[in-house]
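With compact mmCIF, C-alpha atoms inside, this is model.txt:
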# COMPACT_ATOMS: atom_id res chain seq x y z
CA MET K 1 -123.85 -217.14 115.17
CA LYS K 2 -124.53 -214.89 118.16
CA GLU K 3 -124.29 -211.15 117.54
CA ILE K 4 -123.81 -208.71 120.43
CA THR K 5 -122.82 -205.07 120.88
CA GLY K 6 -120.14 -204.16 123.40
CA ILE K 7 -117.36 -206.23 124.93
CA GLU K 8 -119.17 -206.18 128.28
CA SER K 9 -122.07 -208.08 126.66
CA PHE K 10 -119.92 -211.13 125.96
CA HIS K 11 -120.64 -213.89 128.48
CA GLY K 12 -119.21 -216.93 126.73
CA THR K 13 -117.55 -219.48 128.98
CA LYS K 14 -115.48 -221.51 126.49
CA LYS K 15 -112.00 -220.79 125.24
CA THR K 16 -111.98 -218.71 122.07
CA ALA K 17 -110.06 -218.08 118.89
CA VAL K 18 -110.50 -214.33 118.46
CA THR K 19 -109.63 -211.93 115.68
CA LEU K 20 -109.87 -208.18 116.10
CA GLY K 21 -110.06 -205.23 113.71
CA LYS K 22 -112.38 -202.83 111.91
CA PHE K 23 -113.59 -205.47 109.43
CA ASP K 24 -115.10 -202.82 107.19
CA GLY K 25 -115.81 -204.64 103.97
CA LEU K 26 -114.76 -208.12 105.07
CA HIS K 27 -112.43 -208.10 102.10
CA ARG K 28 -110.09 -210.90 101.07
CA GLY K 29 -107.53 -209.87 103.70
CA HIS K 30 -110.15 -209.99 106.46
CA GLN K 31 -111.34 -213.36 105.19
CA LYS K 32 -107.87 -214.82 105.82
CA LEU K 33 -108.25 -213.88 109.50
CA VAL K 34 -111.77 -215.29 109.72
CA ASN K 35 -110.76 -218.54 108.03
CA LEU K 36 -107.95 -219.06 110.54
CA ILE K 37 -110.14 -218.64 113.64
CA ARG K 38 -112.60 -221.04 112.01
CA GLU K 39 -109.80 -223.61 111.77
CA TYR K 40 -109.16 -223.26 115.51
CA ALA K 41 -112.86 -223.57 116.41
CA SER K 42 -114.03 -226.80 118.07
CA GLU K 43 -116.46 -227.98 120.73
CA GLU K 44 -114.11 -226.56 123.35
CA CYS K 45 -113.12 -223.39 121.47
CA GLU K 46 -115.47 -220.84 119.88
CA SER K 47 -114.58 -218.43 117.07
CA VAL K 48 -115.03 -214.71 117.77
CA VAL K 49 -114.85 -211.71 115.43
CA CYS K 50 -114.38 -208.51 117.41
CA ALA K 51 -115.25 -205.63 115.06
CA PHE K 52 -114.46 -202.08 116.17
CA ASP K 53 -116.85 -199.34 115.07
CA MET K 54 -114.76 -196.30 114.12
CA HIS K 55 -117.78 -194.07 113.31
CA ARG K 56 -116.92 -193.44 109.67
CA GLU K 57 -118.58 -194.11 106.37
CA ALA K 58 -118.85 -197.85 105.94
CA LEU K 59 -118.34 -200.34 103.14
CA LEU K 60 -120.48 -202.76 105.12
CA THR K 61 -123.32 -201.87 107.45
CA LYS K 62 -123.65 -203.89 110.66
CA GLN K 63 -126.48 -205.87 109.08
CA GLU K 64 -124.43 -206.67 105.99
CA ARG K 65 -121.45 -207.72 108.12
CA ARG K 66 -123.76 -209.97 110.15
CA GLU K 67 -125.07 -211.60 106.97
CA ARG K 68 -121.54 -212.15 105.64
CA LEU K 69 -120.45 -213.87 108.86
CA MET K 70 -123.72 -215.65 109.71
CA ASP K 71 -122.60 -219.21 108.98
CA GLN K 72 -118.87 -218.70 109.49
CA VAL K 73 -118.22 -217.86 113.16
CA ASP K 74 -119.74 -218.43 116.59
CA TRP K 75 -119.71 -214.81 117.78
CA LEU K 76 -119.74 -211.36 116.18
CA VAL K 77 -119.00 -208.67 118.74
CA GLU K 78 -119.67 -205.12 117.49
CA VAL K 79 -117.51 -202.82 119.62
CA PRO K 80 -118.15 -199.07 119.82
CA PHE K 81 -114.77 -197.34 120.05
CA THR K 82 -115.47 -195.57 123.33
CA LYS K 83 -113.24 -193.17 125.27
CA GLU K 84 -112.75 -195.88 127.91
CA LEU K 85 -111.52 -198.35 125.32
CA ARG K 86 -109.36 -195.72 123.63
CA ASN K 87 -107.63 -194.87 126.94
CA MET K 88 -107.19 -198.44 128.20
CA GLU K 89 -103.57 -199.45 128.71
CA ALA K 90 -102.41 -202.10 126.26
CA GLU K 91 -101.55 -204.72 128.88
CA THR K 92 -104.88 -204.08 130.59
CA PHE K 93 -106.58 -204.82 127.26
CA ILE K 94 -104.71 -208.12 127.01
CA ARG K 95 -105.43 -209.11 130.61
CA GLU K 96 -109.03 -207.93 130.98
CA VAL K 97 -110.44 -208.09 127.45
CA LEU K 98 -108.58 -210.79 125.54
CA CYS K 99 -108.10 -213.12 128.48
CA GLY K 100 -110.57 -212.02 131.14
CA THR K 101 -113.58 -211.55 128.86
CA PHE K 102 -112.89 -213.60 125.73
CA HIS K 103 -110.84 -216.40 127.40
CA ALA K 104 -108.58 -216.25 124.36
CA ALA K 105 -106.64 -219.39 123.51
CA HIS K 106 -105.72 -218.11 120.05
CA VAL K 107 -105.38 -214.49 118.90
CA VAL K 108 -105.34 -213.87 115.15
CA VAL K 109 -104.45 -210.40 113.83
CA GLY K 110 -102.96 -208.60 110.85
CA THR K 111 -99.40 -207.30 110.81
CA ASP K 112 -100.43 -203.70 111.56
CA PHE K 113 -102.86 -204.43 114.41
CA SER K 114 -102.57 -201.92 117.26
CA PHE K 115 -104.51 -201.45 120.47
CA GLY K 116 -104.52 -199.68 123.82
CA CYS K 117 -103.85 -196.11 124.85
CA GLN K 118 -102.05 -194.18 122.09
CA LYS K 119 -101.88 -197.46 120.15
CA ARG K 120 -98.95 -198.61 122.30
CA GLY K 121 -100.01 -202.23 121.91
CA ASN K 122 -98.94 -204.09 118.76
CA VAL K 123 -98.31 -207.61 117.51
CA GLN K 124 -94.90 -207.74 119.21
CA MET K 125 -96.53 -206.97 122.56
CA LEU K 126 -99.17 -209.65 121.97
CA GLU K 127 -96.37 -212.15 121.36
CA GLU K 128 -94.39 -211.02 124.42
CA PHE K 129 -97.33 -211.65 126.77
CA ALA K 130 -98.57 -214.84 125.07
CA GLY K 131 -96.73 -217.19 127.42
CA GLU K 132 -97.75 -215.30 130.55
CA TYR K 133 -101.43 -215.22 129.67
CA GLY K 134 -101.65 -218.57 127.90
CA TYR K 135 -102.66 -217.83 124.32
CA THR K 136 -101.05 -218.30 120.93
CA VAL K 137 -100.63 -215.50 118.38
CA ASP K 138 -101.00 -215.77 114.61
CA VAL K 139 -99.88 -212.69 112.67
CA VAL K 140 -101.35 -212.91 109.18
CA GLU K 141 -99.61 -211.21 106.26
CA LYS K 142 -101.60 -208.75 104.18
CA GLU K 143 -103.41 -210.04 101.11
CA ARG K 144 -102.33 -208.31 97.90
CA TYR K 145 -103.81 -207.64 94.49
CA GLN K 146 -101.45 -206.61 91.68
CA ASP K 147 -98.70 -205.87 94.24
CA LEU K 148 -100.91 -203.53 96.29
CA VAL K 149 -102.13 -204.37 99.78
CA ILE K 150 -105.88 -204.99 99.84
CA SER K 151 -107.42 -202.50 102.25
CA SER K 152 -110.69 -200.70 102.86
CA THR K 153 -109.04 -197.53 101.51
CA TYR K 154 -108.11 -199.32 98.27
CA ILE K 155 -111.72 -200.48 97.90
CA ARG K 156 -113.09 -197.00 98.66
CA ASP K 157 -110.83 -195.55 95.97
CA ALA K 158 -112.09 -198.10 93.44
CA LEU K 159 -115.71 -197.34 94.30
CA SER K 160 -115.13 -193.58 94.07
CA GLN K 161 -114.12 -194.14 90.44
CA GLY K 162 -117.05 -196.42 89.70
CA ASP K 163 -114.69 -199.38 89.28
CA VAL K 164 -117.00 -201.95 90.85
CA LYS K 165 -115.20 -204.78 89.05
CA LEU K 166 -111.99 -203.93 90.88
CA ALA K 167 -113.90 -203.58 94.14
CA GLU K 168 -115.31 -207.07 93.58
CA ARG K 169 -111.82 -208.51 93.04
CA LEU K 170 -110.61 -206.92 96.27
CA LEU K 171 -113.63 -207.93 98.32
CA GLY K 172 -114.01 -211.40 96.88
CA TYR K 173 -117.70 -210.73 96.19
CA PRO K 174 -119.74 -207.99 94.44
CA TYR K 175 -120.13 -204.71 96.29
CA GLU K 176 -123.73 -204.39 97.45
CA LEU K 177 -126.17 -202.40 99.51
CA THR K 178 -129.27 -203.42 101.40
CA GLY K 179 -132.10 -201.01 102.01
CA LYS K 180 -135.84 -200.52 101.99
CA VAL K 181 -137.80 -199.62 98.89
CA ARG K 182 -139.25 -196.15 99.41
CA HIS K 183 -142.05 -194.33 97.65
CA GLY K 184 -140.86 -191.78 95.11
CA LYS K 185 -142.59 -189.47 92.64
CA GLN K 186 -143.41 -192.47 90.42
CA LEU K 187 -141.91 -190.56 87.52
CA GLY K 188 -140.44 -193.72 86.06
CA ARG K 189 -143.88 -195.27 85.88
CA THR K 190 -145.28 -192.30 83.97
CA LEU K 191 -142.32 -192.43 81.58
CA GLY K 192 -142.93 -196.13 80.93
CA PHE K 193 -140.27 -197.79 83.10
CA PRO K 194 -141.31 -198.30 86.75
CA THR K 195 -138.35 -198.20 89.12
CA MET K 196 -137.59 -198.94 92.77
CA ASN K 197 -136.02 -196.34 95.06
CA ILE K 198 -133.71 -198.21 97.44
CA GLU K 199 -132.57 -196.08 100.36
CA PRO K 200 -129.22 -197.12 101.89
CA GLU K 201 -128.34 -196.61 105.52
CA PRO K 202 -126.94 -193.08 106.17
CA LYS K 203 -123.28 -194.12 106.56
CA LYS K 204 -123.27 -196.68 103.76
CA ILE K 205 -120.86 -195.77 100.96
CA LEU K 206 -122.38 -195.45 97.51
CA PRO K 207 -120.06 -195.93 94.55
CA ARG K 208 -119.44 -193.04 92.16
CA PHE K 209 -122.79 -191.50 91.30
CA GLY K 210 -123.88 -193.00 88.03
CA VAL K 211 -125.61 -195.85 86.23
CA TYR K 212 -124.76 -199.49 86.92
CA ALA K 213 -125.78 -202.94 85.85
CA CYS K 214 -127.13 -204.53 89.03
CA ARG K 215 -128.37 -207.78 90.47
CA VAL K 216 -131.29 -207.27 92.83
CA LYS K 217 -132.59 -209.71 95.45
CA ILE K 218 -136.29 -209.38 96.27
CA ASP K 219 -138.05 -211.89 98.54
CA GLY K 220 -135.04 -214.18 98.31
CA LYS K 221 -134.98 -214.27 94.49
CA TRP K 222 -132.33 -212.63 92.31
CA TYR K 223 -133.23 -210.47 89.31
CA TYR K 224 -131.19 -208.46 86.81
CA GLY K 225 -131.52 -204.70 86.71
CA VAL K 226 -130.00 -201.36 85.81
CA GLY K 227 -129.89 -198.55 88.32
CA ASN K 228 -128.77 -195.01 89.02
CA ALA K 229 -126.86 -194.44 92.26
CA GLY K 230 -126.97 -190.80 93.27
CA ILE K 231 -129.31 -187.90 93.95
CA LYS K 232 -131.40 -187.74 90.72
CA PRO K 233 -130.52 -184.08 89.94
CA THR K 234 -132.82 -183.88 86.90
CA VAL K 235 -136.03 -184.42 88.88
CA THR K 236 -135.28 -183.29 92.45
CA ASP K 237 -133.18 -180.86 94.51
CA GLU K 238 -133.44 -182.95 97.69
CA HIS K 239 -129.88 -184.36 97.47
CA ARG K 240 -131.24 -187.60 98.91
CA ARG K 241 -128.94 -190.54 98.21
CA LEU K 242 -130.78 -193.40 96.52
CA LEU K 243 -130.29 -196.30 94.17
CA GLU K 244 -133.12 -196.03 91.65
CA VAL K 245 -133.24 -199.33 89.80
CA PHE K 246 -135.32 -200.84 87.01
CA VAL K 247 -135.65 -204.59 87.56
CA TYR K 248 -136.09 -206.74 84.46
CA GLY K 249 -139.00 -209.14 84.70
CA TYR K 250 -140.25 -208.06 88.13
CA GLU K 251 -143.94 -207.20 88.29
CA GLY K 252 -144.66 -207.27 92.01
CA ASN K 253 -145.03 -204.50 94.57
CA ALA K 254 -141.78 -204.05 96.51
CA TYR K 255 -142.69 -200.94 98.50
CA GLY K 256 -141.52 -201.27 102.10
CA LYS K 257 -139.54 -204.43 101.40
CA GLU K 258 -135.87 -204.79 102.24
CA VAL K 259 -133.93 -205.64 99.11
CA THR K 260 -130.26 -206.13 98.24
CA ALA K 261 -128.60 -204.72 95.14
CA GLN K 262 -125.19 -205.76 93.85
CA PHE K 263 -123.16 -203.45 91.59
CA CYS K 264 -121.93 -205.46 88.61
CA GLY K 265 -120.78 -202.95 85.97
CA PHE K 266 -120.45 -199.18 85.49
CA GLU K 267 -122.00 -197.52 82.43
CA ARG K 268 -121.82 -193.75 82.90
CA PRO K 269 -121.69 -190.98 85.54
CA GLU K 270 -124.85 -189.33 86.85
CA ILE K 271 -125.68 -186.10 85.02
CA LYS K 272 -128.42 -183.48 85.10
CA PHE K 273 -130.46 -183.47 81.91
CA GLY K 274 -132.06 -180.39 80.37
CA SER K 275 -135.50 -181.96 80.07
CA LEU K 276 -137.52 -185.06 80.87
CA ASP K 277 -137.40 -186.01 77.20
CA GLU K 278 -133.60 -186.06 77.31
CA LEU K 279 -133.77 -188.13 80.50
CA LYS K 280 -136.18 -190.61 78.93
CA THR K 281 -134.00 -190.99 75.82
CA GLN K 282 -130.95 -191.74 77.97
CA VAL K 283 -132.81 -194.12 80.26
CA MET K 284 -133.84 -196.19 77.24
CA LYS K 285 -130.13 -196.45 76.36
CA ASP K 286 -129.33 -197.39 79.97
CA MET K 287 -131.90 -200.17 79.87
CA GLN K 288 -130.37 -201.45 76.66
CA TYR K 289 -126.95 -201.39 78.34
CA GLY K 290 -128.30 -203.55 81.14
CA GLU K 291 -129.84 -206.01 78.71
CA GLU K 292 -126.57 -206.33 76.81
CA PHE K 293 -124.50 -206.58 80.01
CA PHE K 294 -126.56 -209.51 81.25
CA GLN K 295 -127.22 -210.84 77.72
CA LEU K 296 -130.98 -210.78 78.22
CA HIS K 297 -131.86 -210.81 74.52

Would you give me this structure, written as structure tokens?
Amino acid sequence: MKEITGIESFHGTKKTAVTLGKFDGLHRGHQKLVNLIREYASEECESVVCAFDMHREALLTKQERRERLMDQVDWLVEVPFTKELRNMEAETFIREVLCGTFHAAHVVVGTDFSFGCQKRGNVQMLEEFAGEYGYTVDVVEKERYQDLVISSTYIRDALSQGDVKLAERLLGYPYELTGKVRHGKQLGRTLGFPTMNIEPEPKKILPRFGVYACRVKIDGKWYYGVGNAGIKPTVTDEHRRLLEVFVYGYEGNAYGKEVTAQFCGFERPEIKFGSLDELKTQVMKDMQYGEEFFQLH
């Protein structure tokens, strides 16, 4: 897969099957779009995901989106939502972007896709101009879970409640974050349970602050763990968002490494304890929760 930023950076010469949207989360609804452009892909036709960056808190960082799509499509085009793009007339977008730049033979979108100045372009307009510009249009119905449309907002709501199991059902995979392991105060080590401080990217959404059973990938290998997502109010006033995780069976030095943590189950909300002794007592219970969750006995 080739990853580029900006529509103007696309210099492919083949026909394409292109899908467009925000693709924040690459949830099960998004995956229907991606699967369809993959079906159209051939030696003469490349698959393109055109992902608009709306400058908001993200379920997926650009890196995580890249990793999700790595072996699935030919092109990932990250598109900053610039003033020029926002003010472009809808037919101009069809003529110059879809056809002029992407050489679209197939356009695959959801039912609510809109584009162009004041969002005047929609799926009906795409269909009206299909014959003139020589592409086909597939309008894909929304994926649902328990009669509700799967959306990034639905997933955000689940995460805000700590319901990572529901988020996993909506996404089709466990919610995760990737970040570097940063040095902390090494308090966990002095209390008898060394932990890793994983710092997410600034716009990455953390689930409800609290303690979770986690799976952690370090150097390509998965481990089980239990971690606190939040700001660690008992030991610091920095309000720095971190996932502090204890990893069962890991004895290496992960400082500076990029690791991935998946949220598998929610135990309790983050709270501020009255003393380090209270914190230590609770952390021992948290570690037992993780052992029981993953049946490590």

Hey, what's within 6 Å of stretch 53-66 of chain K if we count all atoms listed in the file and toss same-chain stuff fewer than 3 positions away? As a ChimeraX atom specification, please? /K:24-25,69-70,79-81,203-205

Residue contacts of K:Glu292 (12 Å, all atoms listed in the file) excluding same-chain residues fewer than 2 positions away, as an MDAnalysis selection string: chainID K and resid 213 224:226 265 267 285:290 294:297

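Atom CA of K:Arg28 is found 29.2 Å from atom CA of K:Gly134.
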
Box for stretch 211-216 of chain K - axis-aligned, 3 Å on each of the six sides, all listed atoms - centre and size in Å to one decimal, as JSON.
{"center_x": -128.0, "center_y": -201.8, "center_z": 89.3, "size_x": 12.5, "size_y": 17.9, "size_z": 13.0}

Nearest to K:Ala229, restricted to only C-alpha atoms and choosing among K:Gly252, K:Gly12, K:Gly274, K:Gly162, comes out as K:Gly162

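Coordinates place atom CA of K:His30 at a distance of 27.0 Å from atom CA of K:Phe209.
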
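Restricting the calculation to only C-alpha atoms, the smallest distance between K:Ala158 and any of K:Lys217, K:His27, K:Lys272, K:Arg208 is found for K:Arg208.
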
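The two atoms in question, atom CA of K:Asp147 and atom CA of K:Gly210, are spaced 29.0 Å apart.
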
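Distance annotation: of K:Arg240, K:Arg38, K:His183, K:Arg268, the residue with the minimal separation from K:Ala254 is K:His183; atom set is all atoms listed in the file.
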
Would you pick out the contacts of K:Gln161 at 9 Å or less, using all atoms listed in the file, so that residues sharing its chain but fewer than 4 positions from it are not included, and give the list as a PDB file with C-alpha atoms, keeping the file's coordinate frame?
ATOM      1  CA  ARG K 156    -113.090-197.000  98.660  1.00  0.00           C
ATOM      2  CA  ASP K 157    -110.830-195.550  95.970  1.00  0.00           C
ATOM      3  CA  PRO K 207    -120.060-195.930  94.550  1.00  0.00           C
ATOM      4  CA  ARG K 208    -119.440-193.040  92.160  1.00  0.00           C
TER       5      ARG K 208
END

Export all heavy atoms of stretch 96-108 of chain K from the structure just given, as a PDB file, in the first residue's frame?
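Okay, this is what ended up in part30.pdb:
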ATOM      1  N   GLU K  96     -12.693  17.275 -11.278  1.00  0.00           N
ATOM      2  CA  GLU K  96     -11.255  17.455 -11.090  1.00  0.00           C
ATOM      3  C   GLU K  96     -10.632  16.464 -10.116  1.00  0.00           C
ATOM      4  O   GLU K  96      -9.476  16.064 -10.316  1.00  0.00           O
ATOM      5  CB  GLU K  96     -10.979  18.892 -10.620  1.00  0.00           C
ATOM      6  CG  GLU K  96     -11.365  19.938 -11.654  1.00  0.00           C
ATOM      7  CD  GLU K  96     -10.978  21.345 -11.238  1.00  0.00           C
ATOM      8  OE1 GLU K  96     -10.374  21.508 -10.144  1.00  0.00           O
ATOM      9  OE2 GLU K  96     -11.288  22.286 -11.996  1.00  0.00           O
ATOM     10  N   VAL K  97     -11.381  16.087  -9.077  1.00  0.00           N
ATOM     11  CA  VAL K  97     -10.801  15.185  -8.068  1.00  0.00           C
ATOM     12  C   VAL K  97     -11.104  13.726  -8.402  1.00  0.00           C
ATOM     13  O   VAL K  97     -10.188  12.924  -8.628  1.00  0.00           O
ATOM     14  CB  VAL K  97     -11.306  15.547  -6.656  1.00  0.00           C
ATOM     15  CG1 VAL K  97     -10.778  14.538  -5.625  1.00  0.00           C
ATOM     16  CG2 VAL K  97     -10.861  16.961  -6.285  1.00  0.00           C
ATOM     17  N   LEU K  98     -12.389  13.378  -8.438  1.00  0.00           N
ATOM     18  CA  LEU K  98     -12.733  11.973  -8.681  1.00  0.00           C
ATOM     19  C   LEU K  98     -12.235  11.493 -10.043  1.00  0.00           C
ATOM     20  O   LEU K  98     -11.627  10.415 -10.147  1.00  0.00           O
ATOM     21  CB  LEU K  98     -14.238  11.770  -8.578  1.00  0.00           C
ATOM     22  CG  LEU K  98     -14.851  11.821  -7.182  1.00  0.00           C
ATOM     23  CD1 LEU K  98     -16.350  11.576  -7.254  1.00  0.00           C
ATOM     24  CD2 LEU K  98     -14.197  10.792  -6.263  1.00  0.00           C
ATOM     25  N   CYS K  99     -12.486  12.275 -11.068  1.00  0.00           N
ATOM     26  CA  CYS K  99     -12.130  11.831 -12.413  1.00  0.00           C
ATOM     27  C   CYS K  99     -10.762  12.328 -12.862  1.00  0.00           C
ATOM     28  O   CYS K  99      -9.948  11.561 -13.365  1.00  0.00           O
ATOM     29  CB  CYS K  99     -13.208  12.281 -13.391  1.00  0.00           C
ATOM     30  SG  CYS K  99     -14.840  11.606 -12.980  1.00  0.00           S
ATOM     31  N   GLY K 100     -10.482  13.604 -12.652  1.00  0.00           N
ATOM     32  CA  GLY K 100      -9.214  14.155 -13.115  1.00  0.00           C
ATOM     33  C   GLY K 100      -8.008  13.630 -12.367  1.00  0.00           C
ATOM     34  O   GLY K 100      -6.983  13.305 -12.975  1.00  0.00           O
ATOM     35  N   THR K 101      -8.128  13.511 -11.046  1.00  0.00           N
ATOM     36  CA  THR K 101      -6.986  13.053 -10.235  1.00  0.00           C
ATOM     37  C   THR K 101      -7.002  11.547 -10.024  1.00  0.00           C
ATOM     38  O   THR K 101      -6.016  10.862 -10.273  1.00  0.00           O
ATOM     39  CB  THR K 101      -6.976  13.770  -8.867  1.00  0.00           C
ATOM     40  OG1 THR K 101      -6.843  15.179  -9.072  1.00  0.00           O
ATOM     41  CG2 THR K 101      -5.818  13.275  -8.007  1.00  0.00           C
ATOM     42  N   PHE K 102      -8.144  11.020  -9.565  1.00  0.00           N
ATOM     43  CA  PHE K 102      -8.198   9.597  -9.211  1.00  0.00           C
ATOM     44  C   PHE K 102      -8.564   8.686 -10.385  1.00  0.00           C
ATOM     45  O   PHE K 102      -8.479   7.458 -10.254  1.00  0.00           O
ATOM     46  CB  PHE K 102      -9.199   9.384  -8.067  1.00  0.00           C
ATOM     47  CG  PHE K 102      -8.754   9.938  -6.746  1.00  0.00           C
ATOM     48  CD1 PHE K 102      -9.568  10.797  -6.032  1.00  0.00           C
ATOM     49  CD2 PHE K 102      -7.516   9.611  -6.219  1.00  0.00           C
ATOM     50  CE1 PHE K 102      -9.169  11.307  -4.807  1.00  0.00           C
ATOM     51  CE2 PHE K 102      -7.106  10.117  -4.992  1.00  0.00           C
ATOM     52  CZ  PHE K 102      -7.936  10.976  -4.291  1.00  0.00           C
ATOM     53  N   HIS K 103      -8.973   9.227 -11.528  1.00  0.00           N
ATOM     54  CA  HIS K 103      -9.366   8.413 -12.682  1.00  0.00           C
ATOM     55  C   HIS K 103     -10.395   7.355 -12.263  1.00  0.00           C
ATOM     56  O   HIS K 103     -10.279   6.170 -12.600  1.00  0.00           O
ATOM     57  CB  HIS K 103      -8.147   7.712 -13.305  1.00  0.00           C
ATOM     58  CG  HIS K 103      -6.919   8.565 -13.369  1.00  0.00           C
ATOM     59  ND1 HIS K 103      -6.854   9.731 -14.090  1.00  0.00           N
ATOM     60  CD2 HIS K 103      -5.702   8.433 -12.767  1.00  0.00           C
ATOM     61  CE1 HIS K 103      -5.648  10.279 -13.951  1.00  0.00           C
ATOM     62  NE2 HIS K 103      -4.933   9.517 -13.154  1.00  0.00           N
ATOM     63  N   ALA K 104     -11.399   7.797 -11.515  1.00  0.00           N
ATOM     64  CA  ALA K 104     -12.333   6.862 -10.905  1.00  0.00           C
ATOM     65  C   ALA K 104     -13.162   6.105 -11.941  1.00  0.00           C
ATOM     66  O   ALA K 104     -13.818   6.697 -12.801  1.00  0.00           O
ATOM     67  CB  ALA K 104     -13.265   7.597  -9.947  1.00  0.00           C
ATOM     68  N   ALA K 105     -13.112   4.784 -11.842  1.00  0.00           N
ATOM     69  CA  ALA K 105     -14.008   3.925 -12.614  1.00  0.00           C
ATOM     70  C   ALA K 105     -15.173   3.472 -11.745  1.00  0.00           C
ATOM     71  O   ALA K 105     -16.261   3.182 -12.252  1.00  0.00           O
ATOM     72  CB  ALA K 105     -13.245   2.711 -13.141  1.00  0.00           C
ATOM     73  N   HIS K 106     -14.929   3.413 -10.427  1.00  0.00           N
ATOM     74  CA  HIS K 106     -15.953   2.983  -9.478  1.00  0.00           C
ATOM     75  C   HIS K 106     -15.856   3.879  -8.245  1.00  0.00           C
ATOM     76  O   HIS K 106     -14.773   4.056  -7.684  1.00  0.00           O
ATOM     77  CB  HIS K 106     -15.757   1.527  -9.066  1.00  0.00           C
ATOM     78  CG  HIS K 106     -15.614   0.588 -10.224  1.00  0.00           C
ATOM     79  ND1 HIS K 106     -16.690   0.162 -10.987  1.00  0.00           N
ATOM     80  CD2 HIS K 106     -14.506   0.007 -10.774  1.00  0.00           C
ATOM     81  CE1 HIS K 106     -16.254  -0.637 -11.941  1.00  0.00           C
ATOM     82  NE2 HIS K 106     -14.939  -0.750 -11.843  1.00  0.00           N
ATOM     83  N   VAL K 107     -16.990   4.433  -7.827  1.00  0.00           N
ATOM     84  CA  VAL K 107     -17.050   5.258  -6.622  1.00  0.00           C
ATOM     85  C   VAL K 107     -17.953   4.547  -5.623  1.00  0.00           C
ATOM     86  O   VAL K 107     -19.104   4.209  -5.939  1.00  0.00           O
ATOM     87  CB  VAL K 107     -17.598   6.668  -6.933  1.00  0.00           C
ATOM     88  CG1 VAL K 107     -17.679   7.499  -5.653  1.00  0.00           C
ATOM     89  CG2 VAL K 107     -16.727   7.368  -7.974  1.00  0.00           C
ATOM     90  N   VAL K 108     -17.424   4.309  -4.427  1.00  0.00           N
ATOM     91  CA  VAL K 108     -18.142   3.561  -3.397  1.00  0.00           C
ATOM     92  C   VAL K 108     -18.296   4.456  -2.170  1.00  0.00           C
ATOM     93  O   VAL K 108     -17.300   4.910  -1.596  1.00  0.00           O
ATOM     94  CB  VAL K 108     -17.381   2.272  -3.023  1.00  0.00           C
ATOM     95  CG1 VAL K 108     -18.102   1.533  -1.893  1.00  0.00           C
ATOM     96  CG2 VAL K 108     -17.222   1.367  -4.247  1.00  0.00           C
TER      97      VAL K 108
END
